[in-house]
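Participant: Take this structure, written in C-alpha cells, and hold onto it; I'll ask about it next.
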Amino acid sequence: MPFGYLISAVLMGTCVLAAVAPRRSPRPLAVACFRLGFVNELPFFAAYLLIGSTVLAAAQGDLNTPVGWLAFAISMLTLAGLGLLVARALPAHVGPPAGRTIRVPVIPMLLWPFIRRSFDVRRIANIRYGNASLDLYLRRGGGTDRPVFIHLHGGAFVGGRKNQESLPLIYHLARQGWLCISANYRLGPAASRHDQVEDIRQLLDWVRGHAGHYGGDPGTVVLAGGSAGAYLAARTALTTDDPAVRAVVMLYAYYGDLGTIDARPGTPPFLVLHGTNDTLVAVEDARRFVEYLRGRSASPVNYAELPGAGHTFDIFHSLRSRAVIRAAETFLDRYRAKSQRVAP
C-alpha cells in the first residue's frame with residue numbers, strides 16, 4: 001500500500017494549508033502556522049517535490065489502489081493551493097524609478113532558492129566588534145566610498161544569528177557596490193533591550209573606525225533588520241543622534257514600544273515592509289507605527305504591504321524577496337551621499 005505517498009501528500013498539504021489560511025490565535029496555532037508555512041516562499045520547490053513523488057508513485061503502480069487515489073487527490077488539491085500562493089505573491093512588486101531597470105535574477109527563484117551566496121561577492125566572517133561579531137560582504141575588485149548597509153537578524157531578542165536572513169538582499173546590494181554588514185548582538189535573557197541597543201551603537205562606532213579599511217563610507221550608513229532586528233534598528237535610529245545613519249529599513253518588524261518614542265530632529269527616512277498574513281506580528285501593528293511616525297517625523301516614511309506574506313519573507317530567493325530587493329534598492333538610491341568609485 002502506498003502509505004509513504006499518502007503521508008508525504010498529507011504533510012505537504014498541511015504546510016500549504018498553514019500558508020493559505022494562517023491563524024493568528026491562539027498563539028500556539030499562530031506559531032505552528034508560521035513554522036509550517038515555509039512553502040509560502042518556496043512554492044515552486046514544493047511543487048517539484050509533490051510532482052516528483054506523484055510521478056514515482058505512478059511508476060510503481062501505487063495509484064491503482066484506494067490509498068493511492070486518495071493521496072493523488074490530496075496532491076492535486078495541494079498543487080492548486082501552491083498555485084494560489086504564487087498568485088498571491090505576484091502583486092508583491094515595487095518597481096524601479098522611471099528610466100531605470102533593477103535586474104533581479106529569476107532562475108535562482110525557480111531552480112535553487114536555497115543557494116544565496118555569490119562568487120562575485122567576498123564574505124569576511126566573524127569580525128569582532130564590542131560584545132559581538134559581524135560578517136562583511138563586499139564586491140570583489142576593490143572600490144571606495146561604498147555606502148554601508150547594516151542588517152540585524154530577528155529571533156525574538158533571544159535567538160537567531162547573522163548569515164541567516166536577507167541574504168538575497170545583502171548579496172544583491174554588495175554586488176551593486178555597497179559594503180554590507182550582517183551582525184550579531186547579545187541575546188536575552190542575559191542581555192536586556194538596552195544592552196542590545198548599546199551593541200548597535202558600538203557597531204556604529206566600529207563602522208566609523210573600520211569601514212574605511214574595506215572601502216566603506218562611514219558617513220553613509222543604513223540600519224536594517226527583520227523582526228526583532230528591525231526593532232533594534234529603528235530604536236537605535238530614533239534614539240541616537242548619529243548623522244551617519246541616513247535611512248532605516250524594517251522588514252516584518254516587531255514594533256513593541258516604538259510608537260511611544262518621539263522622533264528626534266533629523267530622524268532618517270524609513271522603509272517599512274510587512275506581510276498581510278503575518279501570524280507573529282499583525283499587519284495592523286505596522287500600520288499604527290507608520291501612522292505614528294508619519295505624524296512626528298519630517299523625513300519620508302515609506303510603507304508597503306506584501307499581499308499574503310507571513311513572517312521572514314526575505315530568507316530565500318522568492319517572488320517576495322525579489323520585491324524586497326526592488327523596494328530596498330529604489331528607496332536606498334535616494335540616500336547615497338557620495339558616488340561610488342569602483343576599480344575596474
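Just remember, in the C-alpha cells the first chain shown is A, the second B, etc., residues are 1-based per chain, and ligands are 1-based in the order shown.
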When you look at stretch 213-224 of chain A with a cut-off of 9 Å (counting only C-alpha atoms), what residues show up, excluding the ones that are within fewer than 4 positions of it in the same chain? I need them as a ChimeraX atom specification.
Facilitator: /A:136,138,142-153,178-179,204,207-209,229-230,232-234,236-237,243-251,332,335-338
Participant: Out of stretch 30-217 of chain A, which residues get alpha helix (DSSP H) from DSSP, as an NGL selection string?
Facilitator: :A and (30-36 or 43-59 or 66-89 or 107-111 or 167-175 or 193-210)
Participant: Please produce a file of those selected residues containing C-alpha atoms, as an mmCIF file, in the first residue's frame.
Facilitator:
data_model
loop_
_atom_site.group_PDB
_atom_site.id
_atom_site.type_symbol
_atom_site.label_atom_id
_atom_site.label_comp_id
_atom_site.auth_asym_id
_atom_site.auth_seq_id
_atom_site.Cartn_x
_atom_site.Cartn_y
_atom_site.Cartn_z
ATOM 1 C CA ALA A 30 -0.077 31.108 15.112
ATOM 2 C CA VAL A 31 3.454 29.831 15.772
ATOM 3 C CA ALA A 32 2.611 26.491 14.151
ATOM 4 C CA CYS A 33 1.283 28.276 11.033
ATOM 5 C CA PHE A 34 4.495 30.319 10.902
ATOM 6 C CA ARG A 35 6.705 27.234 11.085
ATOM 7 C CA LEU A 36 4.651 25.055 8.754
ATOM 8 C CA PRO A 43 6.002 27.222 -3.794
ATOM 9 C CA PHE A 44 7.986 26.131 -6.845
ATOM 10 C CA PHE A 45 10.305 23.899 -4.828
ATOM 11 C CA ALA A 46 7.317 22.375 -3.003
ATOM 12 C CA ALA A 47 5.601 21.745 -6.344
ATOM 13 C CA TYR A 48 8.681 19.953 -7.672
ATOM 14 C CA LEU A 49 8.693 17.645 -4.633
ATOM 15 C CA LEU A 50 4.996 16.934 -4.929
ATOM 16 C CA ILE A 51 5.103 16.270 -8.665
ATOM 17 C CA GLY A 52 8.166 14.078 -8.229
ATOM 18 C CA SER A 53 6.520 11.940 -5.561
ATOM 19 C CA THR A 54 3.400 11.606 -7.721
ATOM 20 C CA VAL A 55 5.407 10.510 -10.757
ATOM 21 C CA LEU A 56 7.298 8.000 -8.617
ATOM 22 C CA ALA A 57 4.041 6.632 -7.186
ATOM 23 C CA ALA A 58 2.595 6.277 -10.684
ATOM 24 C CA ALA A 59 5.703 4.484 -11.942
ATOM 25 C CA PRO A 66 -7.731 3.402 -2.981
ATOM 26 C CA VAL A 67 -4.960 4.813 -0.786
ATOM 27 C CA GLY A 68 -3.033 5.889 -3.891
ATOM 28 C CA TRP A 69 -6.056 7.670 -5.336
ATOM 29 C CA LEU A 70 -6.670 9.415 -2.009
ATOM 30 C CA ALA A 71 -3.050 10.582 -1.931
ATOM 31 C CA PHE A 72 -3.330 11.692 -5.552
ATOM 32 C CA ALA A 73 -6.455 13.734 -4.786
ATOM 33 C CA ILE A 74 -4.726 15.403 -1.836
ATOM 34 C CA SER A 75 -1.696 16.127 -4.037
ATOM 35 C CA MET A 76 -3.839 17.807 -6.696
ATOM 36 C CA LEU A 77 -5.569 19.971 -4.098
ATOM 37 C CA THR A 78 -2.161 20.848 -2.663
ATOM 38 C CA LEU A 79 -0.854 21.822 -6.103
ATOM 39 C CA ALA A 80 -3.878 24.089 -6.509
ATOM 40 C CA GLY A 81 -3.010 25.649 -3.156
ATOM 41 C CA LEU A 82 0.576 26.218 -4.291
ATOM 42 C CA GLY A 83 -0.775 27.938 -7.383
ATOM 43 C CA LEU A 84 -2.827 30.197 -5.136
ATOM 44 C CA LEU A 85 0.309 31.059 -3.142
ATOM 45 C CA VAL A 86 2.096 32.064 -6.345
ATOM 46 C CA ALA A 87 -0.878 34.178 -7.435
ATOM 47 C CA ARG A 88 -0.891 35.925 -4.057
ATOM 48 C CA ALA A 89 2.816 36.690 -4.280
ATOM 49 C CA ILE A 107 16.426 31.423 -12.325
ATOM 50 C CA PRO A 108 17.580 31.105 -8.673
ATOM 51 C CA MET A 109 13.984 31.501 -7.531
ATOM 52 C CA LEU A 110 12.870 28.655 -9.807
ATOM 53 C CA LEU A 111 15.811 26.272 -9.562
ATOM 54 C CA LEU A 167 20.985 37.146 2.207
ATOM 55 C CA PRO A 168 19.430 37.642 -1.264
ATOM 56 C CA LEU A 169 19.177 41.369 -0.481
ATOM 57 C CA ILE A 170 22.616 41.556 1.138
ATOM 58 C CA TYR A 171 24.367 39.866 -1.775
ATOM 59 C CA HIS A 172 22.468 41.983 -4.294
ATOM 60 C CA LEU A 173 23.439 45.242 -2.593
ATOM 61 C CA ALA A 174 27.048 44.081 -2.243
ATOM 62 C CA ARG A 175 27.149 43.406 -5.989
ATOM 63 C CA ARG A 193 16.857 45.587 25.172
ATOM 64 C CA HIS A 194 19.009 48.438 26.440
ATOM 65 C CA ASP A 195 22.100 46.219 26.171
ATOM 66 C CA GLN A 196 21.164 45.220 22.633
ATOM 67 C CA VAL A 197 20.666 48.822 21.517
ATOM 68 C CA GLU A 198 24.029 49.613 23.095
ATOM 69 C CA ASP A 199 25.545 46.840 20.960
ATOM 70 C CA ILE A 200 24.170 48.504 17.820
ATOM 71 C CA ARG A 201 25.685 51.808 18.909
ATOM 72 C CA GLN A 202 29.024 50.044 19.373
ATOM 73 C CA LEU A 203 28.547 48.601 15.893
ATOM 74 C CA LEU A 204 28.154 52.138 14.532
ATOM 75 C CA ASP A 205 31.359 53.089 16.370
ATOM 76 C CA TRP A 206 33.086 50.141 14.678
ATOM 77 C CA VAL A 207 31.872 51.363 11.284
ATOM 78 C CA ARG A 208 33.264 54.831 11.976
ATOM 79 C CA GLY A 209 36.640 53.387 12.871
ATOM 80 C CA HIS A 210 36.988 50.496 10.426
#
Participant: If we count only C-alpha atoms, what is near A:Ser318 at a cut-off of 9 Å, once residues fewer than 2 positions away on the same chain are taken out, given as a ChimeraX atom specification?
Facilitator: /A:41-43,89,106,108-110,113,313-316,320-323
Participant: May I ask which of the residues A:Leu90, A:Ile127, A:Ala309, A:Val324 is the closest one to A:Asn40, counting only C-alpha atoms?
Facilitator: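 Distance minimum relative to A:Asn40 lands on A:Ala309.
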Participant: I'd like to know which of A:Asn302, A:Thr240, A:Thr312, A:Ser166 is closest to A:Gly275, using only C-alpha atoms.
Facilitator: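 Counting only C-alpha atoms, the residue closest to A:Gly275 is A:Thr312.
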Participant: Compile the contact shell of A:Ile124 as a PyMOL selection string: residues with an atom at most 12 Å away, counting only C-alpha atoms, same-chain residues fewer than 3 positions apart removed.
Facilitator: chain A and resi 121+127-128+133-140+163+179-183+214
Participant: Looking at only C-alpha atoms, which of A:Gly266, A:Phe38, A:Gly259, A:Thr65 is the one that sits closest to A:Glu291?
Facilitator: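 When distances to A:Glu291 are compared using only C-alpha atoms, the smallest one comes from A:Gly259.
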Participant: Tell me, as a list of chain:residue names, which residues lie within 7 Å of A:Tyr231, counting only C-alpha atoms; anything in the same chain fewer than 6 positions away does not count.
Facilitator: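 Residues near the query, excluding close chain neighbours: A:Ala253, A:Tyr254, A:Tyr255.
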Participant: Just list the residues in stretch 43-190 of chain A DSSP gives strand (DSSP E) on the backbone, as a PyMOL selection string.
Facilitator: chain A and resi 121-129+132-139+146-152+179-183
Participant: Keeping C-alpha atoms for every residue in the selection just given, could you write it to a file as a PDB file, in the first residue's frame?
Facilitator:
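Printed below is result-v3.pdb as written:
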ATOM      1  CA  VAL A 121      30.932  38.919  -3.541  1.00  0.00           C
ATOM      2  CA  ARG A 122      33.586  38.392  -0.881  1.00  0.00           C
ATOM      3  CA  ARG A 123      32.460  37.429   2.619  1.00  0.00           C
ATOM      4  CA  ILE A 124      34.700  38.138   5.605  1.00  0.00           C
ATOM      5  CA  ALA A 125      33.238  36.293   8.570  1.00  0.00           C
ATOM      6  CA  ASN A 126      33.323  36.686  12.351  1.00  0.00           C
ATOM      7  CA  ILE A 127      34.949  40.079  12.814  1.00  0.00           C
ATOM      8  CA  ARG A 128      34.728  41.151  16.433  1.00  0.00           C
ATOM      9  CA  TYR A 129      33.118  44.404  17.460  1.00  0.00           C
ATOM     10  CA  ALA A 132      29.569  40.506  19.449  1.00  0.00           C
ATOM     11  CA  SER A 133      30.684  39.747  15.887  1.00  0.00           C
ATOM     12  CA  LEU A 134      29.801  40.657  12.316  1.00  0.00           C
ATOM     13  CA  ASP A 135      30.223  39.422   8.747  1.00  0.00           C
ATOM     14  CA  LEU A 136      31.264  41.724   5.910  1.00  0.00           C
ATOM     15  CA  TYR A 137      30.068  41.384   2.304  1.00  0.00           C
ATOM     16  CA  LEU A 138      31.722  43.389  -0.454  1.00  0.00           C
ATOM     17  CA  ARG A 139      32.074  43.141  -4.199  1.00  0.00           C
ATOM     18  CA  ARG A 146      30.871  52.249  -0.549  1.00  0.00           C
ATOM     19  CA  PRO A 147      27.729  53.154   1.416  1.00  0.00           C
ATOM     20  CA  VAL A 148      27.301  50.856   4.415  1.00  0.00           C
ATOM     21  CA  PHE A 149      24.247  48.613   4.839  1.00  0.00           C
ATOM     22  CA  ILE A 150      23.880  47.020   8.292  1.00  0.00           C
ATOM     23  CA  HIS A 151      21.436  44.141   8.774  1.00  0.00           C
ATOM     24  CA  LEU A 152      20.323  42.893  12.195  1.00  0.00           C
ATOM     25  CA  LEU A 179      29.597  47.434   1.941  1.00  0.00           C
ATOM     26  CA  CYS A 180      27.134  45.119   3.698  1.00  0.00           C
ATOM     27  CA  ILE A 181      27.327  44.044   7.313  1.00  0.00           C
ATOM     28  CA  SER A 182      25.315  41.269   8.943  1.00  0.00           C
ATOM     29  CA  ALA A 183      25.775  41.497  12.687  1.00  0.00           C
TER      30      ALA A 183
END
Participant: Take atom CA of A:Ala21 and atom CA of A:Pro307 and report the distance between them in Å, one decimal.
Facilitator: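 Result for atom CA of A:Ala21 versus atom CA of A:Pro307: 12.9 Å, one decimal.
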